[in-house]
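work-v7.json (JSON, C-alpha atoms)
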```json
[["chain", "number", "residue", "atom", "x", "y", "z"],
["A", 222, "MET", "CA", -12.70, -39.02, -0.88],
["A", 223, "ASP", "CA", -10.71, -41.47, -2.99],
["A", 224, "ILE", "CA", -7.44, -39.78, -4.00],
["A", 225, "PHE", "CA", -5.08, -38.30, -1.41],
["A", 226, "TYR", "CA", -1.95, -36.18, -1.62],
["A", 227, "ILE", "CA", 0.50, -36.08, 1.30],
["A", 228, "ILE", "CA", 2.67, -33.00, 1.94],
["A", 229, "THR", "CA", 5.44, -33.76, 4.43],
["A", 230, "ASN", "CA", 7.75, -31.54, 6.46],
["A", 231, "ARG", "CA", 11.04, -33.34, 5.84],
["A", 232, "LEU", "CA", 12.59, -31.88, 8.99],
["A", 233, "LYS", "CA", 9.91, -33.55, 11.13],
["A", 234, "ASP", "CA", 9.75, -36.85, 9.23],
["A", 235, "THR", "CA", 13.30, -37.18, 7.96],
["A", 236, "ASP", "CA", 13.10, -40.80, 6.84],
["A", 237, "TYR", "CA", 9.47, -40.58, 5.67],
["A", 238, "SER", "CA", 8.53, -43.40, 8.04],
["A", 239, "ILE", "CA", 5.38, -41.56, 9.20],
["A", 240, "THR", "CA", 4.53, -40.54, 5.64],
["A", 241, "ASN", "CA", 4.89, -44.10, 4.38],
["A", 242, "GLU", "CA", 2.80, -45.46, 7.26],
["A", 243, "ILE", "CA", -0.07, -43.09, 6.48],
["A", 244, "ARG", "CA", 0.23, -43.70, 2.73],
["A", 245, "ASP", "CA", 0.11, -47.47, 3.28],
["A", 246, "TYR", "CA", -2.94, -47.15, 5.50],
["A", 247, "ILE", "CA", -4.78, -45.09, 2.88],
["A", 248, "MET", "CA", -3.94, -47.67, 0.22],
["A", 249, "SER", "CA", -5.10, -50.49, 2.52],
["A", 250, "CYS", "CA", -8.49, -48.74, 2.50],
["A", 251, "GLY", "CA", -8.56, -49.19, -1.28],
["A", 252, "LYS", "CA", -7.77, -45.53, -2.04],
["A", 253, "LYS", "CA", -5.02, -43.89, -4.10],
["A", 254, "CYS", "CA", -2.31, -41.81, -2.46],
["A", 255, "PHE", "CA", 0.54, -39.66, -3.78],
["A", 256, "VAL", "CA", 3.44, -38.09, -1.87],
["A", 257, "SER", "CA", 4.61, -34.57, -2.72],
["A", 258, "GLU", "CA", 7.88, -33.91, -4.51],
["A", 259, "LYS", "CA", 9.85, -31.01, -3.05],
["A", 260, "ASP", "CA", 12.84, -28.90, -4.04],
["A", 261, "GLY", "CA", 15.92, -28.18, -1.94],
["A", 262, "GLU", "CA", 14.11, -25.42, -0.01],
["A", 263, "GLY", "CA", 11.15, -27.60, 0.91],
["A", 264, "HIS", "CA", 8.68, -26.17, -1.61],
["A", 265, "ILE", "CA", 6.39, -28.38, -3.67],
["A", 266, "ILE", "CA", 7.82, -28.60, -7.19],
["A", 267, "PRO", "CA", 5.41, -26.88, -9.62],
["A", 268, "GLY", "CA", 3.68, -29.24, -12.03],
["A", 269, "THR", "CA", 4.11, -32.32, -9.83],
["A", 270, "VAL", "CA", 0.73, -32.22, -8.07],
["A", 271, "PRO", "CA", -1.55, -34.92, -9.50],
["A", 272, "GLU", "CA", -4.56, -33.46, -11.26],
["A", 273, "GLU", "CA", -6.84, -36.10, -9.75],
["A", 274, "ALA", "CA", -5.91, -35.34, -6.12],
["A", 275, "GLU", "CA", -9.01, -34.52, -4.05],
["A", 276, "CYS", "CA", -7.42, -33.40, -0.79],
["A", 277, "GLY", "CA", -4.05, -32.87, 0.86],
["A", 278, "LEU", "CA", -2.83, -34.28, 4.18],
["A", 279, "VAL", "CA", -0.20, -31.92, 5.60],
["A", 280, "LEU", "CA", 2.24, -33.60, 8.00],
["A", 281, "GLY", "CA", 4.00, -31.02, 10.16],
["A", 282, "GLY", "CA", 3.08, -27.93, 12.11],
["A", 283, "ASP", "CA", 1.38, -24.62, 11.39],
["A", 284, "GLY", "CA", 4.26, -23.40, 9.22],
["A", 285, "THR", "CA", 4.06, -26.51, 7.03],
["A", 286, "LEU", "CA", 0.34, -25.99, 6.51],
["A", 287, "ILE", "CA", 0.76, -22.31, 5.63],
["A", 288, "ARG", "CA", 3.55, -23.16, 3.17],
["A", 289, "ALA", "CA", 1.33, -25.82, 1.57],
["A", 290, "VAL", "CA", -1.47, -23.27, 1.12],
["A", 291, "ARG", "CA", 0.97, -20.92, -0.60],
["A", 292, "ASP", "CA", 2.55, -23.62, -2.77],
["A", 293, "LEU", "CA", -0.85, -24.96, -3.85],
["A", 294, "ARG", "CA", -2.53, -21.61, -4.37],
["A", 295, "GLU", "CA", -3.36, -22.39, -8.00],
["A", 296, "ARG", "CA", -4.94, -25.76, -7.13],
["A", 297, "ASN", "CA", -6.68, -24.63, -3.94],
["A", 298, "LEU", "CA", -6.98, -28.20, -2.62],
["A", 299, "PRO", "CA", -8.76, -28.70, 0.70],
["A", 300, "LEU", "CA", -6.07, -29.47, 3.28],
["A", 301, "LEU", "CA", -6.08, -31.37, 6.57],
["A", 302, "GLY", "CA", -3.27, -30.65, 9.03],
["A", 303, "ILE", "CA", -1.83, -33.62, 10.95],
["A", 304, "ASN", "CA", 0.30, -32.24, 13.75],
["A", 305, "LEU", "CA", 3.93, -33.35, 13.99],
["A", 306, "GLY", "CA", 4.99, -30.14, 15.70],
["A", 307, "THR", "CA", 4.45, -28.63, 19.13],
["A", 308, "LEU", "CA", 1.59, -26.13, 19.24],
["A", 309, "GLY", "CA", -0.03, -27.10, 15.95],
["A", 310, "TYR", "CA", -2.78, -24.51, 16.29],
["A", 311, "LEU", "CA", -3.97, -24.86, 12.69],
["A", 312, "ALA", "CA", -3.61, -28.64, 12.54],
["A", 313, "ASP", "CA", -6.96, -30.33, 13.09],
["A", 314, "VAL", "CA", -5.64, -33.82, 13.89],
["A", 315, "GLU", "CA", -2.94, -35.16, 16.20],
["A", 316, "LEU", "CA", -0.69, -37.87, 14.76],
["A", 317, "LYS", "CA", -2.05, -40.57, 17.06],
["A", 318, "ASP", "CA", -5.53, -40.02, 15.58],
["A", 319, "TYR", "CA", -4.60, -40.21, 11.89],
["A", 320, "ARG", "CA", -6.34, -43.57, 11.25],
["A", 321, "GLU", "CA", -9.67, -42.27, 12.55],
["A", 322, "ALA", "CA", -9.22, -39.13, 10.42],
["A", 323, "VAL", "CA", -8.52, -41.12, 7.25],
["A", 324, "ASP", "CA", -11.50, -43.40, 7.96],
["A", 325, "ARG", "CA", -13.78, -40.37, 8.17],
["A", 326, "LEU", "CA", -12.39, -38.90, 4.94],
["A", 327, "VAL", "CA", -12.84, -42.09, 2.92],
["A", 328, "SER", "CA", -16.36, -42.70, 4.22],
["A", 329, "GLY", "CA", -17.90, -39.29, 3.71],
["A", 330, "THR", "CA", -17.62, -35.66, 2.70],
["A", 331, "PRO", "CA", -15.96, -33.54, 5.41],
["A", 332, "ASP", "CA", -16.73, -29.97, 6.39],
["A", 333, "ILE", "CA", -14.42, -27.44, 4.74],
["A", 334, "GLU", "CA", -13.70, -24.03, 6.25],
["A", 335, "GLU", "CA", -12.96, -21.17, 3.91],
["A", 336, "ARG", "CA", -10.30, -18.93, 5.44],
["A", 337, "MET", "CA", -9.81, -15.40, 4.16],
["A", 338, "MET", "CA", -6.36, -14.49, 2.81],
["A", 339, "LEU", "CA", -4.64, -11.21, 1.97],
["A", 340, "GLU", "CA", -3.08, -10.04, -1.28],
["A", 341, "GLY", "CA", -0.26, -7.51, -1.27],
["A", 342, "SER", "CA", 0.85, -5.66, -4.40],
["A", 343, "PHE", "CA", 3.91, -3.44, -4.73],
["A", 344, "ARG", "CA", 6.17, -1.96, -7.39],
["A", 345, "ASN", "CA", 3.29, -1.91, -9.87],
["A", 346, "SER", "CA", 3.09, -5.55, -10.92],
["A", 347, "ARG", "CA", 4.54, -7.64, -8.09],
["A", 348, "LYS", "CA", 2.02, -9.51, -5.95],
["A", 349, "ASP", "CA", 1.91, -12.19, -3.28],
["A", 350, "ILE", "CA", -0.64, -13.68, -0.90],
["A", 351, "ALA", "CA", -0.69, -14.41, 2.82],
["A", 352, "MET", "CA", -2.79, -16.77, 4.88],
["A", 353, "ASN", "CA", -1.55, -15.38, 8.21],
["A", 354, "ASP", "CA", -0.11, -11.91, 7.79],
["A", 355, "ILE", "CA", 1.81, -9.35, 5.81],
["A", 356, "VAL", "CA", 4.49, -7.68, 7.91],
["A", 357, "LEU", "CA", 6.58, -4.57, 7.31],
["A", 358, "ALA", "CA", 9.51, -4.28, 9.71],
["A", 359, "ARG", "CA", 12.62, -2.15, 9.97],
["A", 360, "GLU", "CA", 15.95, -3.37, 8.63],
["A", 361, "GLY", "CA", 19.41, -2.56, 9.88],
["A", 362, "LYS", "CA", 19.98, -0.42, 12.94],
["A", 363, "VAL", "CA", 17.68, -0.51, 15.96],
["A", 364, "ARG", "CA", 15.55, 2.59, 15.42],
["A", 365, "ILE", "CA", 11.91, 3.34, 14.79],
["A", 366, "VAL", "CA", 10.50, 3.83, 11.31],
["A", 367, "SER", "CA", 7.48, 5.94, 10.36],
["A", 368, "PHE", "CA", 4.64, 4.38, 8.35],
["A", 369, "ASN", "CA", 1.67, 6.21, 6.83],
["A", 370, "ILE", "CA", -1.45, 4.01, 6.78],
["A", 371, "TYR", "CA", -4.12, 4.87, 4.20],
["A", 372, "VAL", "CA", -7.55, 3.22, 4.10],
["A", 373, "ASN", "CA", -9.51, 3.62, 0.85],
["A", 374, "GLY", "CA", -7.27, 6.56, -0.03],
["A", 375, "THR", "CA", -7.68, 8.43, 3.29],
["A", 376, "LEU", "CA", -4.88, 8.73, 5.84],
["A", 377, "LEU", "CA", -5.78, 6.65, 8.91],
["A", 378, "ASN", "CA", -2.67, 7.15, 11.04],
["A", 379, "THR", "CA", 1.08, 7.53, 11.05],
["A", 380, "TYR", "CA", 2.80, 4.89, 13.16],
["A", 381, "HIS", "CA", 6.29, 5.44, 14.56],
["A", 382, "ALA", "CA", 7.26, 1.87, 15.29],
["A", 383, "ASP", "CA", 9.50, -1.10, 14.59],
["A", 384, "GLY", "CA", 6.96, -2.26, 12.05],
["A", 385, "VAL", "CA", 3.34, -2.93, 11.16],
["A", 386, "ILE", "CA", 1.41, -6.23, 10.99],
["A", 387, "LEU", "CA", -1.60, -6.65, 8.71],
["A", 388, "SER", "CA", -3.29, -9.85, 9.79],
["A", 389, "THR", "CA", -6.11, -12.10, 8.67],
["A", 390, "PRO", "CA", -8.41, -13.63, 11.30],
["A", 391, "THR", "CA", -6.44, -16.88, 10.94],
["A", 392, "GLY", "CA", -3.21, -15.02, 11.62],
["A", 393, "SER", "CA", -4.61, -13.15, 14.62],
["A", 394, "THR", "CA", -3.24, -15.82, 16.98],
["A", 395, "GLY", "CA", 0.27, -15.50, 15.52],
["A", 396, "TYR", "CA", 2.57, -12.47, 15.37],
["A", 397, "ASN", "CA", -0.44, -10.19, 15.80],
["A", 398, "LEU", "CA", -1.18, -11.74, 19.21],
["A", 399, "SER", "CA", 2.45, -11.48, 20.29],
["A", 400, "ALA", "CA", 2.41, -7.78, 19.39],
["A", 401, "GLY", "CA", -0.67, -7.17, 21.56],
["A", 402, "GLY", "CA", -3.31, -7.44, 18.87],
["A", 403, "PRO", "CA", -6.79, -8.96, 19.30],
["A", 404, "VAL", "CA", -7.71, -12.60, 18.75],
["A", 405, "VAL", "CA", -10.35, -12.96, 16.03],
["A", 406, "GLU", "CA", -12.64, -15.89, 15.21],
["A", 407, "PRO", "CA", -10.79, -17.51, 12.26],
["A", 408, "THR", "CA", -13.69, -17.77, 9.81],
["A", 409, "ALA", "CA", -14.51, -14.05, 10.12],
["A", 410, "GLU", "CA", -13.70, -11.67, 7.27],
["A", 411, "LEU", "CA", -11.79, -8.60, 8.38],
["A", 412, "ILE", "CA", -8.28, -7.14, 8.48],
["A", 413, "VAL", "CA", -6.37, -6.30, 11.67],
["A", 414, "ILE", "CA", -3.62, -3.63, 11.69],
["A", 415, "THR", "CA", -1.25, -3.87, 14.66],
["A", 416, "PRO", "CA", 1.90, -1.75, 15.13],
["A", 417, "ILE", "CA", 5.06, -3.47, 16.39],
["A", 418, "CYS", "CA", 6.56, -1.73, 19.44],
["A", 419, "SER", "CA", 4.91, 1.58, 18.62],
["A", 420, "HIS", "CA", 6.57, 4.70, 20.07],
["A", 421, "ALA", "CA", 3.34, 5.95, 21.65],
["A", 422, "LEU", "CA", 1.35, 5.39, 24.83],
["A", 423, "ASN", "CA", -2.08, 4.82, 23.31],
["A", 424, "THR", "CA", -1.54, 3.06, 19.99],
["A", 425, "SER", "CA", -3.96, 0.16, 19.65],
["A", 426, "SER", "CA", -4.80, -2.25, 16.87],
["A", 427, "VAL", "CA", -7.36, -1.20, 14.26],
["A", 428, "VAL", "CA", -9.91, -3.67, 12.88],
["A", 429, "LEU", "CA", -11.14, -2.96, 9.35],
["A", 430, "SER", "CA", -13.64, -4.42, 6.92],
["A", 431, "ALA", "CA", -12.44, -7.11, 4.51],
["A", 432, "ASP", "CA", -13.64, -4.81, 1.72],
["A", 433, "ASP", "CA", -11.23, -2.02, 2.66],
["A", 434, "VAL", "CA", -8.10, -1.33, 0.61],
["A", 435, "ILE", "CA", -5.07, -0.47, 2.75],
["A", 436, "GLU", "CA", -1.86, 1.20, 1.65],
["A", 437, "VAL", "CA", 1.25, 1.34, 3.80],
["A", 438, "GLU", "CA", 3.83, 3.97, 2.86],
["A", 439, "ILE", "CA", 7.40, 4.05, 4.20],
["A", 440, "CYS", "CA", 8.14, 7.58, 5.35],
["A", 441, "GLU", "CA", 11.38, 9.53, 5.19],
["A", 442, "GLY", "CA", 13.61, 9.21, 8.23],
["A", 443, "ARG", "CA", 15.09, 11.99, 10.34],
["A", 444, "TYR", "CA", 17.32, 14.48, 8.51],
["A", 445, "GLY", "CA", 16.02, 13.18, 5.18],
["A", 446, "ARG", "CA", 17.42, 9.69, 5.75],
["A", 447, "GLN", "CA", 16.21, 6.95, 3.42],
["A", 448, "GLU", "CA", 14.67, 4.08, 5.37],
["A", 449, "GLN", "CA", 14.78, 0.40, 4.47],
["A", 450, "VAL", "CA", 11.92, -1.90, 5.44],
["A", 451, "SER", "CA", 11.44, -5.65, 5.05],
["A", 452, "LEU", "CA", 8.13, -6.67, 3.45],
["A", 453, "CYS", "CA", 7.32, -10.27, 4.38],
["A", 454, "PHE", "CA", 4.41, -12.55, 3.43],
["A", 455, "ASP", "CA", 3.64, -15.28, 5.99],
["A", 456, "GLY", "CA", 7.21, -15.15, 7.27],
["A", 457, "ALA", "CA", 8.39, -16.56, 3.94],
["A", 458, "GLU", "CA", 8.85, -14.35, 0.90],
["A", 459, "GLN", "CA", 10.78, -11.18, 1.74],
["A", 460, "THR", "CA", 11.48, -7.98, -0.20],
["A", 461, "THR", "CA", 13.19, -4.73, 0.79],
["A", 462, "LEU", "CA", 11.20, -1.52, 0.32],
["A", 463, "VAL", "CA", 12.59, 1.99, 0.76],
["A", 464, "THR", "CA", 11.31, 5.46, 1.62],
["A", 465, "GLY", "CA", 8.44, 6.53, -0.61],
["A", 466, "GLU", "CA", 7.44, 3.04, -1.65],
["A", 467, "ARG", "CA", 4.02, 1.60, -0.83],
["A", 468, "VAL", "CA", 2.38, -1.79, -0.54],
["A", 469, "CYS", "CA", -1.33, -2.08, -1.31],
["A", 470, "ILE", "CA", -3.16, -4.73, 0.72],
["A", 471, "ARG", "CA", -6.65, -6.11, 0.17],
["A", 472, "LYS", "CA", -8.67, -9.27, 0.57],
["A", 473, "ALA", "CA", -7.34, -11.95, -1.78],
["A", 474, "GLY", "CA", -9.56, -13.48, -4.44],
["A", 475, "GLN", "CA", -8.78, -17.01, -3.26],
["A", 476, "THR", "CA", -9.27, -18.59, 0.14],
["A", 477, "ALA", "CA", -7.45, -21.25, 2.14],
["A", 478, "ARG", "CA", -9.66, -24.35, 2.34],
["A", 479, "LEU", "CA", -9.14, -26.31, 5.56],
["A", 480, "ILE", "CA", -10.78, -29.66, 6.25],
["A", 481, "LYS", "CA", -12.41, -29.68, 9.69],
["A", 482, "LEU", "CA", -13.02, -33.01, 11.43],
["A", 483, "SER", "CA", -12.93, -31.76, 14.99],
["A", 484, "ARG", "CA", -16.19, -30.62, 16.57],
["A", 485, "GLU", "CA", -14.42, -28.48, 19.16],
["A", 486, "SER", "CA", -15.25, -24.80, 19.14],
["A", 487, "PHE", "CA", -12.63, -22.23, 18.24],
["A", 488, "LEU", "CA", -12.63, -20.93, 21.82],
["A", 489, "LYS", "CA", -12.07, -24.38, 23.31],
["A", 490, "THR", "CA", -9.25, -25.13, 20.90],
["A", 491, "MET", "CA", -7.61, -21.78, 21.62],
["A", 492, "ARG", "CA", -7.88, -22.29, 25.38],
["A", 493, "LYS", "CA", -6.37, -25.78, 25.16],
["A", 494, "LYS", "CA", -3.53, -25.04, 22.77],
["A", 495, "MET", "CA", -2.64, -21.58, 24.04],
["A", 496, "LYS", "CA", -2.50, -22.65, 27.69],
["A", 497, "GLY", "CA", 0.90, -21.72, 29.07],
["A", 498, "ASN", "CA", 1.96, -20.04, 25.81]]
```
Spit out the file's structure as structure tokens when you get a sec.
Amino acid sequence: MDIFYIITNRLKDTDYSITNEIRDYIMSCGKKCFVSEKDGEGHIIPGTVPEEAECGLVLGGDGTLIRAVRDLRERNLPLLGINLGTLGYLADVELKDYREAVDRLVSGTPDIEERMMLEGSFRNSRKDIAMNDIVLAREGKVRIVSFNIYVNGTLLNTYHADGVILSTPTGSTGYNLSAGGPVVEPTAELIVITPICSHALNTSSVVLSADDVIEVEICEGRYGRQEQVSLCFDGAEQTTLVTGERVCIRKAGQTARLIKLSRESFLKTMRKKMKGN
């Protein structure tokens, strides 16, 4: 690779000293390097990504990498995470190893993992994508909400819960895991449905095919009360839905492309990074 693009979490590298160090090292290898331009909310400014960029180096944690995937969805650049955070589960490289990582990128073609993403559509024409998960959760007072879950047009179940998580395999180690859902090998293609604090004794997660189309409907509350639910994509974009509204969720047409330099297995990485968490 000859042309690099660095995406930096400004909260973790406030003075860009780490960014500049990595950029200078790439240039010392005789390669070109650009640094992302961001708006006041930390998003990459549309139209500022160089057309010639061949890969992105994401400096931050898992959240920074997920945001970069979302911001660059139209370009679909392969991305390498360099961990400046704590857990850094998605980041393939620790900061201390960045020189070795750059050397490997400039000297050869790395392996690229294709990670499945989800697309959610609602209110006819509105759509968004998620690398980790799409979450519907109650708003306002602390009380359960009822959700009808349809799979390919057939009612699967009605959950009485604080919310529902629809997770990709990549996102299975996130909110899904915290809510008691299963851990899934990240390159698999399937969809996990996990209720949040379900008001039942035997409510487990459901694992579905990536080809299934799922609809989640917000049900009417007790005494005909209208419920309000937060619809959230990757913990970022948020919309309020009300009783009777639905979100339709399916496998997205695009994938997240992650550069893999580490030879460690998924299970070994999970055991190492999840220890004590």
Which is closest to Pro271 of chain A among A:Ile247, A:Met491, A:His420, A:Ile224, if we use all atoms listed in the file?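 Nearest to Pro271 of chain A: A:Ile224.
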Just give me the residues with any atom within 9 Å of (-3.0, -31.1, 13.8), file coordinates, counting all atoms listed in the file, written as JSON, numbers by chain. {"A": [279, 280, 281, 282, 283, 301, 302, 303, 304, 305, 306, 308, 309, 310, 311, 312, 313, 314, 315, 316]}
When distances are computed from all atoms listed in the file, which of A:Ser419, A:Ser426, A:Gln459, A:Ser346 shows the smallest separation from Phe368 of chain A?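 Checking each candidate against Phe368 of chain A, we get A:Ser419 as the closest.
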Skipping near chain neighbours, those fewer than 3 positions away, what residues fall within 10 Å of Thr240 of chain A using all atoms listed in the file, listed as a PyMOL selection string? chain A and resi 227-231+234-237+243-246+256+278-280
Who sits within 7 Å of Thr389 of chain A, all atoms listed in the file, same chain under 5 positions skipped, as a list in words: Met337, Met338, Leu339, Met352, Asn353, Asp354, Leu411, Ile412 and Val413 of chain A
Contact residues around Glu441 of chain A with only C-alpha atoms at 10 Å, ignoring same-chain residues under 5 positions, as a list in words: Val366, Ser367, Phe368, Arg446, Gln447, Glu448, Gln449, Val463, Thr464 and Gly465 of chain A
Residue nearest Phe454 of chain A among A:Ser388, A:Ser486, A:Asn369, A:Asn345 (counting all atoms listed in the file): A:Ser388
